[in-house]
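Peer 1: The structure file query29.pdb (PDB, C-alpha atoms) is provided below.
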ATOM      1  CA  MET F   1       0.000   0.000   0.000  1.00  0.00           C
ATOM      2  CA  SER F   2       1.280   3.483  -0.820  1.00  0.00           C
ATOM      3  CA  ALA F   3       1.645   6.280   1.725  1.00  0.00           C
ATOM      4  CA  GLY F   4      -1.126   8.254  -0.003  1.00  0.00           C
ATOM      5  CA  ALA F   5      -3.562   5.360   0.312  1.00  0.00           C
ATOM      6  CA  ILE F   6      -2.719   4.950   3.991  1.00  0.00           C
ATOM      7  CA  ALA F   7      -3.175   8.687   4.590  1.00  0.00           C
ATOM      8  CA  ALA F   8      -6.538   8.636   2.807  1.00  0.00           C
ATOM      9  CA  GLN F   9      -7.768   5.785   5.007  1.00  0.00           C
ATOM     10  CA  ASN F  10      -6.507   7.349   8.245  1.00  0.00           C
ATOM     11  CA  PRO F  11      -7.641  11.016   8.467  1.00  0.00           C
ATOM     12  CA  THR F  12      -5.999  11.735  11.813  1.00  0.00           C
ATOM     13  CA  VAL F  13      -3.698  14.704  12.120  1.00  0.00           C
ATOM     14  CA  HIS F  14      -0.159  13.781  13.101  1.00  0.00           C
ATOM     15  CA  LEU F  15       2.008  16.749  13.988  1.00  0.00           C
ATOM     16  CA  THR F  16       5.419  16.376  15.529  1.00  0.00           C
ATOM     17  CA  SER F  17       6.203  18.283  18.699  1.00  0.00           C
ATOM     18  CA  GLN F  18       8.536  20.547  16.746  1.00  0.00           C
ATOM     19  CA  THR F  19       5.802  21.401  14.246  1.00  0.00           C
ATOM     20  CA  ARG F  20       3.303  22.154  17.003  1.00  0.00           C
ATOM     21  CA  ILE F  21       5.808  24.351  18.842  1.00  0.00           C
ATOM     22  CA  LEU F  22       6.682  26.203  15.627  1.00  0.00           C
ATOM     23  CA  ALA F  23       2.979  26.734  14.850  1.00  0.00           C
ATOM     24  CA  ALA F  24       2.363  28.028  18.382  1.00  0.00           C
ATOM     25  CA  ILE F  25       5.331  30.405  18.134  1.00  0.00           C
ATOM     26  CA  LEU F  26       4.078  31.713  14.771  1.00  0.00           C
ATOM     27  CA  ALA F  27       0.609  32.265  16.249  1.00  0.00           C
ATOM     28  CA  VAL F  28       2.027  34.192  19.223  1.00  0.00           C
ATOM     29  CA  VAL F  29       4.276  36.272  16.930  1.00  0.00           C
ATOM     30  CA  PHE F  30       1.231  37.023  14.767  1.00  0.00           C
ATOM     31  CA  MET F  31      -0.745  38.255  17.777  1.00  0.00           C
ATOM     32  CA  VAL F  32       2.203  40.365  19.002  1.00  0.00           C
ATOM     33  CA  MET F  33       2.394  41.942  15.534  1.00  0.00           C
ATOM     34  CA  ILE F  34      -1.315  42.807  15.791  1.00  0.00           C
ATOM     35  CA  LEU F  35      -0.726  44.449  19.184  1.00  0.00           C
ATOM     36  CA  ASP F  36       2.216  46.400  17.772  1.00  0.00           C
ATOM     37  CA  LEU F  37       0.148  47.634  14.822  1.00  0.00           C
ATOM     38  CA  ILE F  38      -2.526  48.815  17.248  1.00  0.00           C
ATOM     39  CA  ARG F  39       0.067  50.513  19.464  1.00  0.00           C
ATOM     40  CA  ARG F  40       1.557  52.409  16.505  1.00  0.00           C
ATOM     41  CA  GLY F  41      -1.898  53.455  15.314  1.00  0.00           C
ATOM     42  CA  ARG F  42      -1.686  51.549  12.045  1.00  0.00           C
ATOM     43  CA  LEU F  43      -4.599  49.215  12.896  1.00  0.00           C
ATOM     44  CA  GLN F  44      -7.782  50.295  14.610  1.00  0.00           C
ATOM     45  CA  GLU F  45      -9.021  48.243  17.541  1.00  0.00           C
ATOM     46  CA  ARG F  46     -12.319  47.405  15.877  1.00  0.00           C
ATOM     47  CA  TYR F  47     -10.524  45.644  13.011  1.00  0.00           C
ATOM     48  CA  SER F  48      -8.021  43.910  15.264  1.00  0.00           C
ATOM     49  CA  VAL F  49     -10.675  41.602  16.720  1.00  0.00           C
ATOM     50  CA  VAL F  50     -10.899  39.624  13.486  1.00  0.00           C
ATOM     51  CA  TRP F  51      -7.143  39.175  13.375  1.00  0.00           C
ATOM     52  CA  PHE F  52      -6.946  38.242  17.046  1.00  0.00           C
ATOM     53  CA  ILE F  53      -9.563  35.546  16.461  1.00  0.00           C
ATOM     54  CA  ALA F  54      -7.419  34.247  13.596  1.00  0.00           C
ATOM     55  CA  GLY F  55      -4.381  34.202  15.900  1.00  0.00           C
ATOM     56  CA  VAL F  56      -6.289  32.357  18.615  1.00  0.00           C
ATOM     57  CA  GLY F  57      -7.475  29.872  15.986  1.00  0.00           C
ATOM     58  CA  MET F  58      -3.890  29.313  14.884  1.00  0.00           C
ATOM     59  CA  LEU F  59      -2.823  28.810  18.491  1.00  0.00           C
ATOM     60  CA  ALA F  60      -5.711  26.411  19.155  1.00  0.00           C
ATOM     61  CA  GLY F  61      -4.850  24.446  16.027  1.00  0.00           C
ATOM     62  CA  ALA F  62      -1.236  24.146  17.160  1.00  0.00           C
ATOM     63  CA  ALA F  63      -2.130  23.168  20.717  1.00  0.00           C
ATOM     64  CA  PHE F  64      -5.007  20.826  19.848  1.00  0.00           C
ATOM     65  CA  PRO F  65      -4.545  19.290  16.384  1.00  0.00           C
ATOM     66  CA  GLY F  66      -7.512  16.990  17.070  1.00  0.00           C
ATOM     67  CA  LEU F  67      -9.812  20.000  16.585  1.00  0.00           C
ATOM     68  CA  LEU F  68      -9.236  19.716  12.859  1.00  0.00           C
ATOM     69  CA  GLU F  69     -10.444  16.102  12.925  1.00  0.00           C
ATOM     70  CA  ILE F  70     -13.602  17.208  14.744  1.00  0.00           C
ATOM     71  CA  ALA F  71     -14.153  19.982  12.204  1.00  0.00           C
ATOM     72  CA  ALA F  72     -13.659  17.505   9.341  1.00  0.00           C
ATOM     73  CA  LYS F  73     -16.239  15.154  10.844  1.00  0.00           C
ATOM     74  CA  LEU F  74     -18.707  18.010  11.348  1.00  0.00           C
ATOM     75  CA  MET F  75     -18.206  19.068   7.730  1.00  0.00           C
ATOM     76  CA  GLY F  76     -18.636  15.507   6.497  1.00  0.00           C
ATOM     77  CA  VAL F  77     -15.154  15.422   4.980  1.00  0.00           C
ATOM     78  CA  ARG F  78     -12.791  12.464   5.291  1.00  0.00           C
ATOM     79  CA  ASP F  79      -9.525  14.289   4.709  1.00  0.00           C
ATOM     80  CA  THR F  80      -8.443  16.866   7.275  1.00  0.00           C
ATOM     81  CA  ASN F  81      -6.484  18.735   4.600  1.00  0.00           C
ATOM     82  CA  VAL F  82      -9.709  19.359   2.685  1.00  0.00           C
ATOM     83  CA  ALA F  83     -11.353  20.529   5.903  1.00  0.00           C
ATOM     84  CA  LEU F  84      -8.490  22.914   6.663  1.00  0.00           C
ATOM     85  CA  PHE F  85      -8.482  24.271   3.100  1.00  0.00           C
ATOM     86  CA  SER F  86     -12.274  24.745   3.209  1.00  0.00           C
ATOM     87  CA  ILE F  87     -12.162  26.540   6.561  1.00  0.00           C
ATOM     88  CA  VAL F  88      -9.368  28.867   5.434  1.00  0.00           C
ATOM     89  CA  LEU F  89     -11.145  29.567   2.140  1.00  0.00           C
ATOM     90  CA  LEU F  90     -14.399  30.423   3.924  1.00  0.00           C
ATOM     91  CA  LEU F  91     -12.573  32.692   6.366  1.00  0.00           C
ATOM     92  CA  LEU F  92     -10.808  34.504   3.532  1.00  0.00           C
ATOM     93  CA  LEU F  93     -14.106  34.980   1.686  1.00  0.00           C
ATOM     94  CA  ALA F  94     -15.694  36.327   4.865  1.00  0.00           C
ATOM     95  CA  LEU F  95     -12.789  38.743   5.339  1.00  0.00           C
ATOM     96  CA  ALA F  96     -13.038  39.911   1.729  1.00  0.00           C
ATOM     97  CA  LEU F  97     -16.772  40.522   2.134  1.00  0.00           C
ATOM     98  CA  ASN F  98     -16.247  42.328   5.436  1.00  0.00           C
ATOM     99  CA  PHE F  99     -13.622  44.644   3.970  1.00  0.00           C
ATOM    100  CA  SER F 100     -15.755  45.261   0.874  1.00  0.00           C
ATOM    101  CA  VAL F 101     -18.607  46.414   3.113  1.00  0.00           C
ATOM    102  CA  ILE F 102     -16.215  48.665   5.055  1.00  0.00           C
ATOM    103  CA  MET F 103     -14.785  50.140   1.841  1.00  0.00           C
ATOM    104  CA  SER F 104     -18.273  50.774   0.448  1.00  0.00           C
ATOM    105  CA  ARG F 105     -19.311  52.550   3.643  1.00  0.00           C
ATOM    106  CA  GLN F 106     -16.156  54.673   3.614  1.00  0.00           C
ATOM    107  CA  ALA F 107     -16.560  55.540  -0.083  1.00  0.00           C
ATOM    108  CA  ALA F 108     -20.090  56.779   0.615  1.00  0.00           C
ATOM    109  CA  GLN F 109     -18.821  58.774   3.581  1.00  0.00           C
ATOM    110  CA  ILE F 110     -16.018  60.329   1.512  1.00  0.00           C
ATOM    111  CA  THR F 111     -18.510  61.316  -1.195  1.00  0.00           C
ATOM    112  CA  ARG F 112     -20.826  62.888   1.387  1.00  0.00           C
ATOM    113  CA  LEU F 113     -17.951  64.788   3.022  1.00  0.00           C
ATOM    114  CA  ALA F 114     -16.672  66.047  -0.345  1.00  0.00           C
ATOM    115  CA  GLN F 115     -20.166  67.285  -1.227  1.00  0.00           C
ATOM    116  CA  GLU F 116     -20.543  69.018   2.143  1.00  0.00           C
ATOM    117  CA  ARG F 117     -17.146  70.682   1.715  1.00  0.00           C
ATOM    118  CA  ALA F 118     -18.052  71.854  -1.793  1.00  0.00           C
ATOM    119  CA  LEU F 119     -21.282  73.393  -0.468  1.00  0.00           C
ATOM    120  CA  GLU F 120     -19.400  75.117   2.362  1.00  0.00           C
ATOM    121  CA  LYS F 121     -16.843  76.490  -0.095  1.00  0.00           C
ATOM    122  CA  ALA F 122     -19.585  77.749  -2.419  1.00  0.00           C
ATOM    123  CA  ARG F 123     -21.310  79.503   0.506  1.00  0.00           C
ATOM    124  CA  GLU F 124     -18.004  81.021   1.633  1.00  0.00           C
ATOM    125  CA  ASP F 125     -17.199  82.231  -1.902  1.00  0.00           C
ATOM    126  CA  GLU F 126     -20.702  83.726  -2.208  1.00  0.00           C
ATOM    127  CA  ARG F 127     -20.350  85.507   1.148  1.00  0.00           C
ATOM    128  CA  LEU F 128     -16.903  86.866   0.203  1.00  0.00           C
ATOM    129  CA  ARG F 129     -18.234  88.036  -3.158  1.00  0.00           C
ATOM    130  CA  ARG F 130     -21.187  89.815  -1.506  1.00  0.00           C
ATOM    131  CA  ASP F 131     -18.929  91.406   1.136  1.00  0.00           C
ATOM    132  CA  GLY F 132     -16.446  92.480  -1.533  1.00  0.00           C
ATOM    133  CA  ASP F 133     -19.198  94.068  -3.683  1.00  0.00           C
ATOM    134  CA  GLY F 134     -20.635  95.897  -0.686  1.00  0.00           C
ATOM    135  CA  GLN F 135     -17.242  97.323   0.365  1.00  0.00           C
ATOM    136  CA  SER F 136     -16.271  98.545  -3.113  1.00  0.00           C
ATOM    137  CA  ALA F 137     -19.624 100.267  -3.610  1.00  0.00           C
ATOM    138  CA  SER F 138     -19.489 102.090  -0.258  1.00  0.00           C
ATOM    139  CA  SER F 139     -15.826 103.132  -0.524  1.00  0.00           C
ATOM    140  CA  GLY F 140     -16.275 104.642  -4.026  1.00  0.00           C
ATOM    141  CA  SER F 141     -18.932 107.144  -2.973  1.00  0.00           C
ATOM    142  CA  PRO F 142     -17.914 110.641  -1.805  1.00  0.00           C
ATOM    143  CA  ALA F 143     -20.383 110.344   1.067  1.00  0.00           C
ATOM    144  CA  GLY F 144     -18.309 107.548   2.600  1.00  0.00           C
ATOM    145  CA  GLY F 145     -16.921 110.016   5.078  1.00  0.00           C
ATOM    146  CA  SER F 146     -13.812 108.095   5.978  1.00  0.00           C
ATOM    147  CA  GLU F 147     -11.463 110.010   3.699  1.00  0.00           C
ATOM    148  CA  PRO F 148     -11.041 113.790   4.152  1.00  0.00           C
ATOM    149  CA  SER F 149     -11.827 115.966   1.183  1.00  0.00           C
ATOM    150  CA  ALA F 150      -8.865 117.583  -0.642  1.00  0.00           C
ATOM    151  CA  HIS F 151     -10.867 120.767  -1.405  1.00  0.00           C
ATOM    152  CA  ALA F 152     -11.507 121.768   2.173  1.00  0.00           C
TER     153      ALA F 152
END
The structure given in the file should be rewritten as structure tokens.
Peer 2:
Amino acid sequence: MSAGAIAAQNPTVHLTSQTRILAAILAVVFMVMILDLIRRGRLQERYSVVWFIAGVGMLAGAAFPGLLEIAAKLMGVRDTNVALFSIVLLLLLALALNFSVIMSRQAAQITRLAQERALEKAREDERLRRDGDGQSASSGSPAGGSEPSAHA
């Protein structure tokens, strides 16, 4: 029997201690990077929750590789690799949808703010034009009174 046939019959996840430790270290480093991005103001707290959940999932997968077998059984899949690929694909699709919604909301907000700013600028220009017309008309008349007459 080939190794592939044996692996197909036995869907258990076999990770060496070194692999589990490396996966746990990568998960912790990932979560520390998220904290650092938040600290430097490059990632807002509301978006960090999704990434922290991903880090905790990575850590749980490293600490308890049997969780993948349970997920595969719940999904009705024999191979844990297919289960892992399916879970990651669904998470990536969910993230893409989430960020598309956020981008759409921000695009609408940017449009609204640009329109409000254009209206404010038009009102300011109109006010300056009215004030400028009023000052030039009053300063050109001899009855302005602010300048003394040269014929006095």
Peer 1: Would you write out, as a VMD selection string, every residue that the PyMOL selection byres ((chain F and resi 85-89) around 12) captures in this file?
Peer 2: chain F and resid 54 57 to 58 68 71 to 72 74 to 77 79 to 84 90 to 96
Peer 1: Please expand the PyMOL selection byres ((chain F and resi 31-34) around 8) into the concrete residues it hits in this file, giving the result as a CSV table (one decimal) with C-alpha atoms, in the frame of the given file.
Peer 2:
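Result file out_18.csv:
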chain,number,residue,atom,x,y,z
F,27,ALA,CA,0.6,32.3,16.2
F,28,VAL,CA,2.0,34.2,19.2
F,29,VAL,CA,4.3,36.3,16.9
F,30,PHE,CA,1.2,37.0,14.8
F,35,LEU,CA,-0.7,44.4,19.2
F,36,ASP,CA,2.2,46.4,17.8
F,37,LEU,CA,0.1,47.6,14.8
F,38,ILE,CA,-2.5,48.8,17.2
F,43,LEU,CA,-4.6,49.2,12.9
F,48,SER,CA,-8.0,43.9,15.3
F,51,TRP,CA,-7.1,39.2,13.4
F,52,PHE,CA,-6.9,38.2,17.0
F,55,GLY,CA,-4.4,34.2,15.9
Peer 1: Just give me the gap between CA of Ser17 (chain F) and CA of Gly66 (chain F) in Å, one decimal is fine.
Peer 2: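 Atom-to-atom, CA of Ser17 (chain F) to CA of Gly66 (chain F), that is 13.9 Å.
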Peer 1: Name the closest residue to Leu26 (chain F) among the candidates F:Ile70, F:Arg127, F:Ala62, F:Gln115; distances are taken between atoms, counting only C-alpha atoms.
Peer 2: F:Ala62
Peer 1: How many Å separate CA of Leu15 (chain F) from CA of Gly61 (chain F)?
Peer 2: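 These atoms are spaced 10.5 Å apart.
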Peer 1: Any chance you could work out the axis-aligned box around region 30-45 of chain F, listed atoms only, 3 Å on each side, giving centre and edge lengths in Å to one decimal, as AutoDock Vina command-line options?
Peer 2:
--center_x -3.3 --center_y 45.2 --center_z 15.8 --size_x 17.4 --size_y 22.4 --size_z 13.4
Peer 1: Counting only C-alpha atoms, which residues have an atom no more than 7 Å from (0.8, 25.5, 22.5) in the file's coordinates? Please list them as a PyMOL selection string.
Peer 2: chain F and resi 20-21+24+59+62-63
Peer 1: Please compute the CA of Arg117 (chain F)-CA of Ser100 (chain F) distance, one decimal, in Å.
Peer 2: 25.5 Å
